[in-house]
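Contents: one structure, followed by commentary.
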Amino acid sequence: MVAGGASDTGGVKPMVIAGRMVRERERLIGMTPEERAWRKQWLKDQELPHGPRKVPALELELNNPIRRFYRAPLDKVCSVLTPALGFQRAYTVRYWTGKALIALTGIYAAAYYFKYNQNDWTRKGGWRVISSRKACVPGDEGYPRVSDRSAPADYAARGFKQSPI
């Protein structure tokens with residue numbers, strides 16, 4: 001029911017136009033040639049003649065101004081490619097171009113963050129990367145290999161000794 005007491009059909013009882021053939025079990029029981037022809041025509045009538053229509057007023061209603069703003073560049077690319085590729089292929093190019101740009105932006109942002117926000121002696125935050133010593137087992141050259149840190153001050157230095165200050 002629609003708000004306000006009005007029905008979806010405007011007071012007229014709804015009618016199923018698909019008939020009993022809308023259910024697969026009914027079709028499997030058996031169809032007469034008339035029912036088969038009717039079903040074929042009914043399925044053909046369900047197809048839109050010119051595909052989906054783009055209604056500008058509906059686009060304005062469904063997409064807020066911010067969304068229309070950030071979609072505008074790729075929509076323009078799509079409209080330029082549509083005559084050459086067709087709508088479906090142009091829209092596919094538009095869709096995957098947007099996804100690729102978002103992924104590339106994420107990769108660049110992560111690379112920038114990891115490059116310029118390292119955890120060293122100048123700050124508390126950032127990502128700290130610690131590498132383990134190489135494994136040295138009996139029979140390897142230099143066994144037993146001891147730590148490459150010579151003094152206790154080398155532990156937890158976090159790059160202080162390499163600082164140009």
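Labels for the structure tokens follow display order: chains A, B, ..., residues from 1 in each chain, ligands from 1.
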Practice prompt. Would you mind listing what lies within 12 Å of stretch 80-97 of chain A as number ranges by chain, with only C-alpha atoms counted and same-chain residues fewer than 5 positions away left out?
Written response: A: 51-54, 71-75, 102-104
Discussion item. Could you go through chain A and tell me which residues DSSP, when run on the backbone, assigns to helix (DSSP H, G or I), listing them as a ChimeraX atom specification?
Written reply: /A:19-22,24-29,33-45,56-62,65-85,87-116,152-154
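For the residues A:Ser79, A:Ser147, A:Thr122, A:Ser132, ranking by smallest atom-to-atom distance to A:Ile165 using only C-alpha atoms places A:Thr122 first.
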Worksheet item: Residues at most 9 Å from A:Phe114, counting only C-alpha atoms, excluding those fewer than 5 positions away in the same chain, as a ChimeraX atom specification?
Response: /A:109,126-127
Mind writing the picked residues with C-alpha atoms as a PDB file, in the first residue's frame?
ATOM      1  CA  ALA A 109      49.390   7.456  -1.318  1.00  0.00           C
ATOM      2  CA  GLY A 126      55.109   5.919  11.569  1.00  0.00           C
ATOM      3  CA  TRP A 127      55.785   2.433  10.346  1.00  0.00           C
TER       4      TRP A 127
END
